[in-house]
Structure formats: C-alpha cells, structure tokens
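Below you'll find the structure, written out as structure tokens, and then a few comments.
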Amino acid sequence: MAEHSPWFYLTTPIYYVNDIPHIGHAYTTVAADVLARTRRLMGEPVFFLTGTDEHGQKVWQSAERHGLAPQLYVDRILPRFRELWERLAVSNDDFVRTTQPRHVQGVREVLSLLREKGDIYEGSYEGWYCLPDERFWTDKDVVEGLCPECRRPVERISETNYFFRMGRYQDWLVSHYEAHPETIRPESRLNEVMGFLRKPLGDLCISRPKSRVPWGIELPFAPDYVTYVWFDALLNYITVPRSTGSSPEEGMARLWPGTHVIGKDILTTHAVYWPILLRALDLPPPRLIFAHGWWTVDGQKMSKSRGNVVDPVALLDTFGTDATRYFLLREGQFGQDVDFSREALVNRINRDLANDLGNLLSRVTAMALRFFPEGGIPRPEGGERREVEEEALQLLPEVRERTVGFEFHRALAVLWEFVAFLNRTVDIRAPWVLARDPEKSAELSEVLYDLLEGIRLVALHLAPFLPETADKILEALDCPGTGTLSYASHGGFGVVAAYTVRPGAALFPRRDASGAILSEETEKSTRKPPKESSSPSKGETAPATPPAGDSASASPPSAASPEVPVLTYEEFQKLRLATGIIREAVPVPKSKKLLKLSVDIGEAMPRTVVAGIAGSYPPESLVGKSVVVVTNLAPATLMGVTSQGMLLAATVSDGVSLLTPDRDAPPGAGIR
Ligand code: ME8
C-alpha cells in the first residue's frame with residue numbers, strides 16, 4: 001500500500017510538557033528539520049511533524065506542583081516549545097498536541113478497534129512501577145529496587161487494568177527485523193532491540209485507573225480508566241495523518257509508513273511496542289527508526305539536580321539560530337553521544353563559520369565589487385570544465401547523500417572541504433594579481449565567476465542546515481532566496497548567467513571565550529589599519545602588521561609614562577605568540593605598503609596575515625622566513641583581505657625589521 005507513496009513523512013518524538021525544553025529536544029528537532037529541508041530540496045513532498053505529549057502522571061504531577069489544572073498548565077508551557085521551534089527555524093508542517101480533539105478521537109477509535117478484535121483484555125496486575133518512565137517492570141527486571149532503564153527507585157503496585165496482547169506478535173516482529181534490518185539505525189541499536197526480543201514479551205498494560213492518574217484519554221469501554229501515556233503518545237504518528245486526509249484511510253495511504261527520529265532513551269517503545277501496535281491494526285511498520293545519542297555536558301549527564309542542563313533559548317540569545325544549529329549537528333556523530341562545552345561551540349563559530357565561511361564570502365564579494373564595480377561578471381563561454389566545477393561535482397553530491405543517511409557531521413565536513421578548496425583557490429589564483437594586468441581581465445572574470453558560482457552552491461547545500469545564512473549569502477550574490485531552490489534546478493554549475501554582487505553583511509562575528517562578540521570597537525582600536533596613501537608618512541613606517549595602538553613614535557614607550565597602560569600578568573598571559581614560517585607572500589592590490597602572507601604556524605592550514613612591510617621587504621625575499629606571530633588577535637580586514645594574525649617587528653630608521661627566532665624553531669613553537 002503506502003510503500004509506493006512519494007511522500008516523506010518524518011516525525012520527532014512528541015515532547016513532555018512537564019518542563020521547559022532543553023538542548024536534547026532541540027537536537028532531535030533540528031536534525032529532523034535538516035532532513036526535511038533536504039528532502040524538500042530533492043523535490044520530494046514532505047510532511048514533517050513534531051508536537052507535545054501532554055497527558056500522563058508526570059505532567060499531571062507537575063501541574064499539581066504549580067497549583068494549576070493540568071490543561072491550564074500545559075497551555076502555559078506549550079509556547080516555550082512553539083517559540084523555540086520558531087527561533088530555531090524548524091520547518092514543521094504540523095504540530096500535534098495529544099490534548100487536541102483529532103488525536104483524542106483517533107486514540108479512542110484505535111482502543112475500541114483493538115478491544116473488538118480481542119487484542120485488549122482486562123486483568124489484574126501486581127508488580128513494580130517506575131513513575132518517571134511511567135513503565136511497569138517485573139521482579140526479574142528490577143535489581144535492588146531500581147528501574148532497569150533509568151536506575152531510579154520503583155514502587156510496588158497492585159491493581160486491575162487493561163492489557164494489550166503484545167506477546168502475540170513477538171515472533172512476527174523478530175522475523176520482520178530479520179528481513180528488514182535496515183529499518184533500525186544505527187546498526188548497533190538493532191542489536192539492542194534484537195537482544196530485548198530474545199526474552200519473551202509480556203503483554204502491555206495500557207490503562208491507568210483514574211483514581212491514581214486522572215489526566216489522560218478515557219478508555220471508551222472503561223470510563224474509570226485513562227490510557228497509558230505511551231500508548232496515547234505513540235498513536236500521534238497515525239492520528240495526525242488520519243486527520244489530514246480527505247478520509248482517515250486516504251491520509252494514511254498518503255503518508256504512512258513514516259520515518260521516526262528519536263533519542264536512544266525511547267528505542268524500546270518505538271522499535272518494539274509501536275510496530276506491534278501497528279501490526280495489530282493491520283498497518284505496516286515504520287519505514288525507519290533512527291535513534292541518536294545523548295548530549296552530555298563537560299562529560300557528565302545533563303540533569304536538573306546537577307544544574308547543568310543546557311538551555312537552548314540561552315544559546316539562541318547569545319549565538320543566534322544558525323550558529324546553534326551548526327554546532328548541534330557538526331559537533332558529534334548522529335547516533336553517538338556527544339559532549340557540550342562552550343569552548344567547543346565558540347571554537348566552531350570562530351573557525352568554521354567566521355573564518356572559513358565568512359571570510360570566503362567577504363573576500364570574494366569584496367573583490368567582485370572592487371574589480372567589477374558595475375557588476376555583470378558573465379558565465380565564461382563553453383570550453384573545458386574548470387577546477388571549481390570539477391571539485392563541486394566531486395564533493396557536493398556527497399553532502400546530500402550523507403545528510404539523507406543521517407551523517408550530518410560528515411555532510412558538513414564535506415561541505416567545508418569545498419569551502420576550504422574555494423579559499424585555497426582565492427589564494428592560488430590571486431585575483432588581485434590578475435587585476436593588475438589588463439591582458440588578464442578575461443581570466444580575472446572567469447576566476448571570480450567560478451568562485452561566486454562555488455559560493456552559490458555552498459549556500460544551496462548549506463540551506464537545510466543554516467537557512468538564514470544561506471539566504472544572506474544568496475542575497476549578497478543577488479540570487480533568489482532559499483524558498484525557491486531545488487537541487488534539480490539550482491544544483492548545476494554555471495546556472496547563473498552573470499553575477500552582480502552586493503556588499504554583504506558579515507555572516508558571523510567572532511567571539512571571545514565567553515561567547516561575547518568581539519566588538520568592532522575593540523577590533524578597531526587594537527587593529528587600526530594603516531592609512532593607504534601614496535606618499536610615505538610617519539604612520540606608514542611603523543608596524544609590521546596593523547599596529548597595536550597607533551603609537552608610531554620611534555622612541556620606545558616608557559612604562560612609567562601615564563599614557564602607557566600597564567598590563568597585569570593575567571592580561572599578558574592572554575597573549576599567544578608562536579613561531580611561523582612564511583610560505584607565500586604577495587602584494588595586497590592597490591596598496592603600497594601591505595603584503596598578504598601565508599604563514600604556517602603548525603595548524604592544519606596556513607594563516608593569512610596582512611603585514612605593512614612592503615616598504616621594507618620585497619615579497620619574494622620573505623618566503624621561507626621564520627617569524628614571530630601573535631595568533632590570538634581578532635581578525636581585521638585590511639583592503640579587503642582578512643588578517644588572522646600579526647607579525648612582530650621592530651621599528652627601525654628605514655622601515656621595519658621582522659623579529660625572527662635566533663635558532664631553528666618549528667612552525668607553531670609557543671613563545672614564553
Ligand atoms: O520521551 N540528549 O519525551 P521527552 C539528546 N514524550 N536528546 C535528548 C536528551 C539528551 N540529553 N534529552 C532528551 C518523551 N532528548 C516522550 C516521547 S514519542 C511518541 C513520546 C530528546 O520530553 C530525545 O529525542 O522526555 C529523546 O528521545 C526525547 O528528547 C525525549 O523527550
């Protein structure tokens with residue numbers, strides 16, 4: 001049946017509203033969003049569902065604690081989830097609440113049907129109950145009075161209840177997974193499920209007496225009982241499709257089976273209870289269940305009692321939508337546990353987003369504007385495939401494949417390989433050198449077109465991950481925004497006939513270790529670029545790179561003088577100096593004084609350093625020279641080139657003299 005439907009139906013768990021959302025909720029939902037957006041770009045019709053789980057004992061108890069009726073309580077918490085998804089740019093097509101009439105009605109219909117079929121029976125129950133997980137356990141399961149799942153104390157309970165004949169379908173489920181092992185991912189999770197299925201499955205208690213849990217969906221055949229919250233919750237995955245079609249059957253035929261993205265904590269309910277429930281309803285099992293790993297904080301489990309729960313709203317307030325989304329998906333492998341630290345987040349922002357991506361856009365658009373102020377950089381005529389196109393064809397299809405395969409961090413790593421390639425192309429092809437030679441104007445135009453086209457493809461592939469950034473990039477390239485894109489129509493190379501760029505805003509500001517934006521003020525005052533003028537002036541002779549302060553005076557400052565600030569030892573310790581070796585040196589176009597250097601400081605990629613030393617050193621004399629680099633200065637853009645460090649030099653009578661280690665020192669040696 002629905003196996004042939006073209007629809008991609010994707011769900012997240014529906015989250016409990018007994019508390020405000022945390023980073024784990026954001027993780028699952030953003031991952032699902034990236035998948036939904038990618039599938040849409042692939043031209044598939046997508047139905048992406050998220051929502052809230054509003055019934056059950058935990059929610060009821062939270063409401064009690066707040067002195068509110070449960071419905072009022074959930075209505076008050078709900079906006080926290082909805083607003084979070086909005087701020088995270090989550091593009092869900094529907095939002096289900098288990099208190100909605102469409103869901104309540106659907107659950108009651110299912111209950112009646114299963115009761116009629118004889119799959120639900122009345123029985124008495126005595127056993128252990130885990131309140132936080134709302135699950136029953138047998139004597140065998142419970143060790144030392146603790147829940148085998150969450151390790152919290154269980155309580156003894158004895159009552160009459162209604163049971164779902166789950167055991168009946170165990171053999172079917174085992175043979176289903178044997179035939180379709182690919183429907184549980186990652187593979188290790190399938191092993192867990194099969195391990196669980198090795199023991200006989202008991203029947204599932206699907207009711208709670210109202211006297212104990214008054215907050216839930218009433219059983220249609222037993223008004224003193226409400227439905228077990230998990231039974232209620234899982235059914236959202238079909239009550240919604242049933243309510244969105246012209247009839248329940250049509251809605252189901254269109255959307256079902258769905259793909260579920262969940263955390264590893266709820267694997268058993270999804271991979272065991274849920275397919276069996278579907279089977280009892282004569283519906284096919286889910287298309288796929290992907291259970292991702294757990295976020296920890298500085299290596300520790302996140303918990304309220306530890307006070308280390310990461311609040312996604314606070315992250316958004318400080319870092320914004322796209323940086324938060326990027327970090328969530330880039331930092332760890334989806335499926336494995338991943339650790340949160342602010343340091344890692346700030347590093348990712350500064351390195352990947354501000355340096356690699358942000359600089360690429362600002363360098364290339366600045367050059368396009370400078371060398372083609374009237375715009376109109378045309379698509380080069382025919383000919384052989386050039387290297388940017390080759391590289392795009394090589395790398396970009398993998399970005400899509402990895403994304404639909406849930407390998408989000410790999411997809412981003414591959415995309416960043418392409419970003420690094422484009423940055424290298426800028427360095428190697430040096431458009432500013434081409435711009436000096438009128439005979440090379442065709443080559444200049446070709447290089448810039450290829451770079452701009454490369455950047456446009458970066459935006460296209462970035463769109464599912466960082467939708468706001470993709471739009472900003474496309475706007476700077478004067479291309480239509482992400483809302484109109486598809487891989488089929490925009491994924492080729494050479495799609496744009498001619499580029500006219502606009503001055504783009506900086507994509508990501510750099511941050512200090514606390515996460516605060518390094519303000520332009522700070523950057524300006526500490527890294528004032530030397531003025532460009534044709535006649536040498538006093539100010540021009542001084543610093544090797546943008547001077548710290550502007551004291552171009554030749555006399556050494558005296559620590560005793562009141563204008564010279566005195567540093568504390570702690571302040572001095574913040575400075576990072578390292579040895580470097582200059583690998584490349586070229587003049588900065590239109591500048592008499594600046595050279596653009598590529599300096600190896602022992603990192604994966606050499607740093608670009610702009611130095612005001614052209615008056616003292618011809619570029620070719622610098623290649624291979626050892627220098628001393630300030631490595632943790634905020635970058636500054638000088639004449640369109642962003643400098644990622646500063647060289648130390650002494651001011652001498654006829655210019656500057658670079659400081660250099662007096663014996664051989666490898667690149668990256670720290671300086672104390
Ligand atoms: O379980 N790391 O809701 P819930 C990663 N209502 N993901 C995490 C996480 C963490 N530390 N903590 C939570 C429920 N999550 C039920 C679901 S579905 C029919 C009913 C994410 O509010 C992860 O997706 O406890 C996990 O599965 C989900 O939040 C649990 O959310």
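Residue numbering restarts at 1 in every chain; chains get A, B, ... in the order shown in the structure tokens, and ligands count up from 1 in that same order.
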Practice prompt. Return as a PyMOL selection string the full set of residues in segment 209-366 of chain A whose backbone-based DSSP assignment is alpha helix (DSSP H).
Written response: chain A and resi 229-234+236-244+248-255+267-268+274-280+312-330+342-348+359-366
I'd like a table as JSON lines: residues in segment 168-201 of chain A with an atom no more than 12 Å from segment 293-307 of chain A, each row giving the shortest atom pair and its distance in Å to one decimal, only C-alpha atoms counted, sorted by chain and rising residue number.
{"residue": "A:Arg185", "atom": "CA", "partner": "A:Gly293", "partner_atom": "CA", "distance": 11.3}
{"residue": "A:Pro186", "atom": "CA", "partner": "A:Gly293", "partner_atom": "CA", "distance": 9.9}
{"residue": "A:Ser188", "atom": "CA", "partner": "A:Gly293", "partner_atom": "CA", "distance": 11.4}
{"residue": "A:Arg189", "atom": "CA", "partner": "A:Gly293", "partner_atom": "CA", "distance": 10.4}
Take the residues from that selection and put them in a file with C-alpha atoms, as a PDB file, in the first residue's frame.
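Result went into part_21.pdb, see below:
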ATOM      1  CA  ARG A 185      19.550   2.711  12.618  1.00  0.00           C
ATOM      2  CA  PRO A 186      22.318   2.941  13.607  1.00  0.00           C
ATOM      3  CA  SER A 188      24.096  -1.077  16.953  1.00  0.00           C
ATOM      4  CA  ARG A 189      20.571  -0.140  18.002  1.00  0.00           C
TER       5      ARG A 189
END
Worksheet, complete the sentence: As a check of understanding: the span from atom CA of Cys205 of chain A to atom CA of Arg115 of chain A is 13.4 Å
Practice prompt. Throw together the list of residues within 7 Å of ligand 1, counting only C-alpha atoms and all ligand atoms, and drop it here as number ranges by chain.
Written response: A: 13-17, 23-25, 27-28, 53, 230, 233-234, 236, 262-266, 293-296, 302
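Rounded to one decimal, atom CA of Tyr9 of chain A and atom CA of Arg80 of chain A lie 24.8 Å from each other.
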Worksheet item: What is the distance between atom CA of Arg165 of chain A and atom CA of Ser243 of chain A, in Å to one decimal?
Response: 26.7 Å
Worksheet entry | Within 10 Å of Ser158 of chain A using only C-alpha atoms, minus same-chain residues under 4 positions, as a PyMOL selection string | chain A and resi 124-129
Using N, CA and C atoms, can you export the residues from the last selection as a PDB file, in the first residue's frame?
ATOM      1  N   SER A 124      -5.529  -8.495  36.162  1.00  0.00           N
ATOM      2  CA  SER A 124      -5.048  -7.794  37.350  1.00  0.00           C
ATOM      3  C   SER A 124      -3.532  -7.773  37.304  1.00  0.00           C
ATOM      4  N   TYR A 125      -3.041  -6.739  37.885  1.00  0.00           N
ATOM      5  CA  TYR A 125      -1.617  -6.524  37.776  1.00  0.00           C
ATOM      6  C   TYR A 125      -1.013  -6.317  39.147  1.00  0.00           C
ATOM      7  N   GLU A 126       0.093  -6.980  39.371  1.00  0.00           N
ATOM      8  CA  GLU A 126       0.860  -6.648  40.550  1.00  0.00           C
ATOM      9  C   GLU A 126       2.323  -6.624  40.129  1.00  0.00           C
ATOM     10  N   GLY A 127       2.985  -5.573  40.453  1.00  0.00           N
ATOM     11  CA  GLY A 127       4.386  -5.507  40.033  1.00  0.00           C
ATOM     12  C   GLY A 127       4.997  -4.171  40.386  1.00  0.00           C
ATOM     13  N   TRP A 128       6.112  -3.915  39.744  1.00  0.00           N
ATOM     14  CA  TRP A 128       6.874  -2.702  40.031  1.00  0.00           C
ATOM     15  C   TRP A 128       6.550  -1.634  39.009  1.00  0.00           C
ATOM     16  N   TYR A 129       6.553  -0.405  39.472  1.00  0.00           N
ATOM     17  CA  TYR A 129       6.198   0.694  38.583  1.00  0.00           C
ATOM     18  C   TYR A 129       7.249   1.793  38.708  1.00  0.00           C
TER      19      TYR A 129
END
Discussion item. List the spatial neighbours of Val628 of chain A as a list in words - criterion: any atom at most 9 Å away, only C-alpha atoms, same-chain residues fewer than 6 positions off excluded.
Written reply: Leu577, Ala578, Thr579, Gly580, Ile581, Met646, Leu647, Leu648, Ala649, Leu658, Leu659, Thr660, Pro661 and Ile671 of chain A
Nearby residues (only C-alpha atoms) at most 10 Å from Phe319 of chain A, same-chain spacing under 6 positions excluded, as an mmCIF file with all heavy atoms, in the first residue's frame:
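The result, written out as part-v9.cif:
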data_model
loop_
_atom_site.group_PDB
_atom_site.id
_atom_site.type_symbol
_atom_site.label_atom_id
_atom_site.label_comp_id
_atom_site.auth_asym_id
_atom_site.auth_seq_id
_atom_site.Cartn_x
_atom_site.Cartn_y
_atom_site.Cartn_z
ATOM 1 N N VAL A 313 17.353 28.183 24.666
ATOM 2 C CA VAL A 313 16.968 29.588 24.467
ATOM 3 C C VAL A 313 18.154 30.503 24.797
ATOM 4 O O VAL A 313 18.427 31.477 24.087
ATOM 5 C CB VAL A 313 15.734 29.943 25.320
ATOM 6 C CG1 VAL A 313 15.409 31.423 25.232
ATOM 7 C CG2 VAL A 313 14.540 29.090 24.868
ATOM 8 N N ARG A 325 22.370 25.847 15.412
ATOM 9 C CA ARG A 325 22.055 24.688 14.568
ATOM 10 C C ARG A 325 23.345 24.014 14.090
ATOM 11 O O ARG A 325 23.476 22.790 14.089
ATOM 12 C CB ARG A 325 21.226 25.118 13.344
ATOM 13 C CG ARG A 325 19.790 25.456 13.650
ATOM 14 C CD ARG A 325 19.071 26.020 12.408
ATOM 15 N NE ARG A 325 18.909 25.056 11.346
ATOM 16 C CZ ARG A 325 17.766 24.473 10.977
ATOM 17 N NH1 ARG A 325 16.645 24.779 11.605
ATOM 18 N NH2 ARG A 325 17.722 23.621 9.993
ATOM 19 N N LEU A 345 31.902 25.156 21.268
ATOM 20 C CA LEU A 345 30.941 25.939 20.482
ATOM 21 C C LEU A 345 31.604 27.198 19.935
ATOM 22 O O LEU A 345 31.492 27.511 18.734
ATOM 23 C CB LEU A 345 29.731 26.270 21.375
ATOM 24 C CG LEU A 345 28.696 27.264 20.867
ATOM 25 C CD1 LEU A 345 28.118 26.838 19.535
ATOM 26 C CD2 LEU A 345 27.553 27.388 21.874
ATOM 27 N N VAL A 346 32.316 27.922 20.791
ATOM 28 C CA VAL A 346 32.971 29.160 20.346
ATOM 29 C C VAL A 346 34.038 28.854 19.297
ATOM 30 O O VAL A 346 34.159 29.556 18.293
ATOM 31 C CB VAL A 346 33.564 29.918 21.560
ATOM 32 C CG1 VAL A 346 34.477 31.042 21.106
ATOM 33 C CG2 VAL A 346 32.446 30.462 22.441
ATOM 34 N N ILE A 349 32.384 28.292 15.981
ATOM 35 C CA ILE A 349 31.894 29.534 15.387
ATOM 36 C C ILE A 349 33.067 30.319 14.791
ATOM 37 O O ILE A 349 33.020 30.752 13.641
ATOM 38 C CB ILE A 349 31.133 30.383 16.427
ATOM 39 C CG1 ILE A 349 29.850 29.661 16.839
ATOM 40 C CG2 ILE A 349 30.830 31.775 15.875
ATOM 41 C CD1 ILE A 349 29.077 30.330 17.951
ATOM 42 N N PHE A 508 29.183 35.920 10.395
ATOM 43 C CA PHE A 508 29.295 35.520 11.799
ATOM 44 C C PHE A 508 30.380 36.336 12.480
ATOM 45 O O PHE A 508 31.536 36.258 12.066
ATOM 46 C CB PHE A 508 29.658 34.027 11.912
ATOM 47 C CG PHE A 508 28.559 33.128 11.441
ATOM 48 C CD1 PHE A 508 28.540 32.674 10.138
ATOM 49 C CD2 PHE A 508 27.531 32.756 12.300
ATOM 50 C CE1 PHE A 508 27.519 31.853 9.679
ATOM 51 C CE2 PHE A 508 26.507 31.936 11.859
ATOM 52 C CZ PHE A 508 26.503 31.491 10.545
ATOM 53 N N PRO A 509 30.017 37.106 13.501
ATOM 54 C CA PRO A 509 31.068 37.822 14.221
ATOM 55 C C PRO A 509 31.910 36.837 15.029
ATOM 56 O O PRO A 509 31.412 35.785 15.439
ATOM 57 C CB PRO A 509 30.285 38.762 15.150
ATOM 58 C CG PRO A 509 28.949 38.132 15.310
ATOM 59 C CD PRO A 509 28.694 37.328 14.066
ATOM 60 N N ARG A 511 33.956 35.553 18.345
ATOM 61 C CA ARG A 511 33.570 35.589 19.768
ATOM 62 C C ARG A 511 34.799 35.397 20.640
ATOM 63 O O ARG A 511 35.730 34.690 20.240
ATOM 64 C CB ARG A 511 32.628 34.419 20.074
ATOM 65 C CG ARG A 511 31.524 34.253 19.058
ATOM 66 C CD ARG A 511 30.286 34.768 19.611
ATOM 67 N NE ARG A 511 29.210 34.857 18.650
ATOM 68 C CZ ARG A 511 28.044 35.376 18.953
ATOM 69 N NH1 ARG A 511 27.827 35.846 20.168
ATOM 70 N NH2 ARG A 511 27.098 35.460 18.060
ATOM 71 N N GLY A 515 31.961 33.764 24.748
ATOM 72 C CA GLY A 515 30.874 33.772 23.778
ATOM 73 C C GLY A 515 30.503 35.182 23.358
ATOM 74 O O GLY A 515 29.744 35.379 22.407
ATOM 75 N N ALA A 516 31.064 36.189 24.035
ATOM 76 C CA ALA A 516 30.698 37.573 23.696
ATOM 77 C C ALA A 516 31.295 37.949 22.344
ATOM 78 O O ALA A 516 32.402 37.511 22.001
ATOM 79 C CB ALA A 516 31.216 38.515 24.774
ATOM 80 N N ILE A 517 30.557 38.762 21.611
ATOM 81 C CA ILE A 517 31.039 39.198 20.297
ATOM 82 C C ILE A 517 32.232 40.121 20.494
ATOM 83 O O ILE A 517 32.207 41.011 21.346
ATOM 84 C CB ILE A 517 29.913 39.943 19.544
ATOM 85 C CG1 ILE A 517 28.827 38.942 19.161
ATOM 86 C CG2 ILE A 517 30.456 40.674 18.331
ATOM 87 C CD1 ILE A 517 27.639 39.540 18.462
#
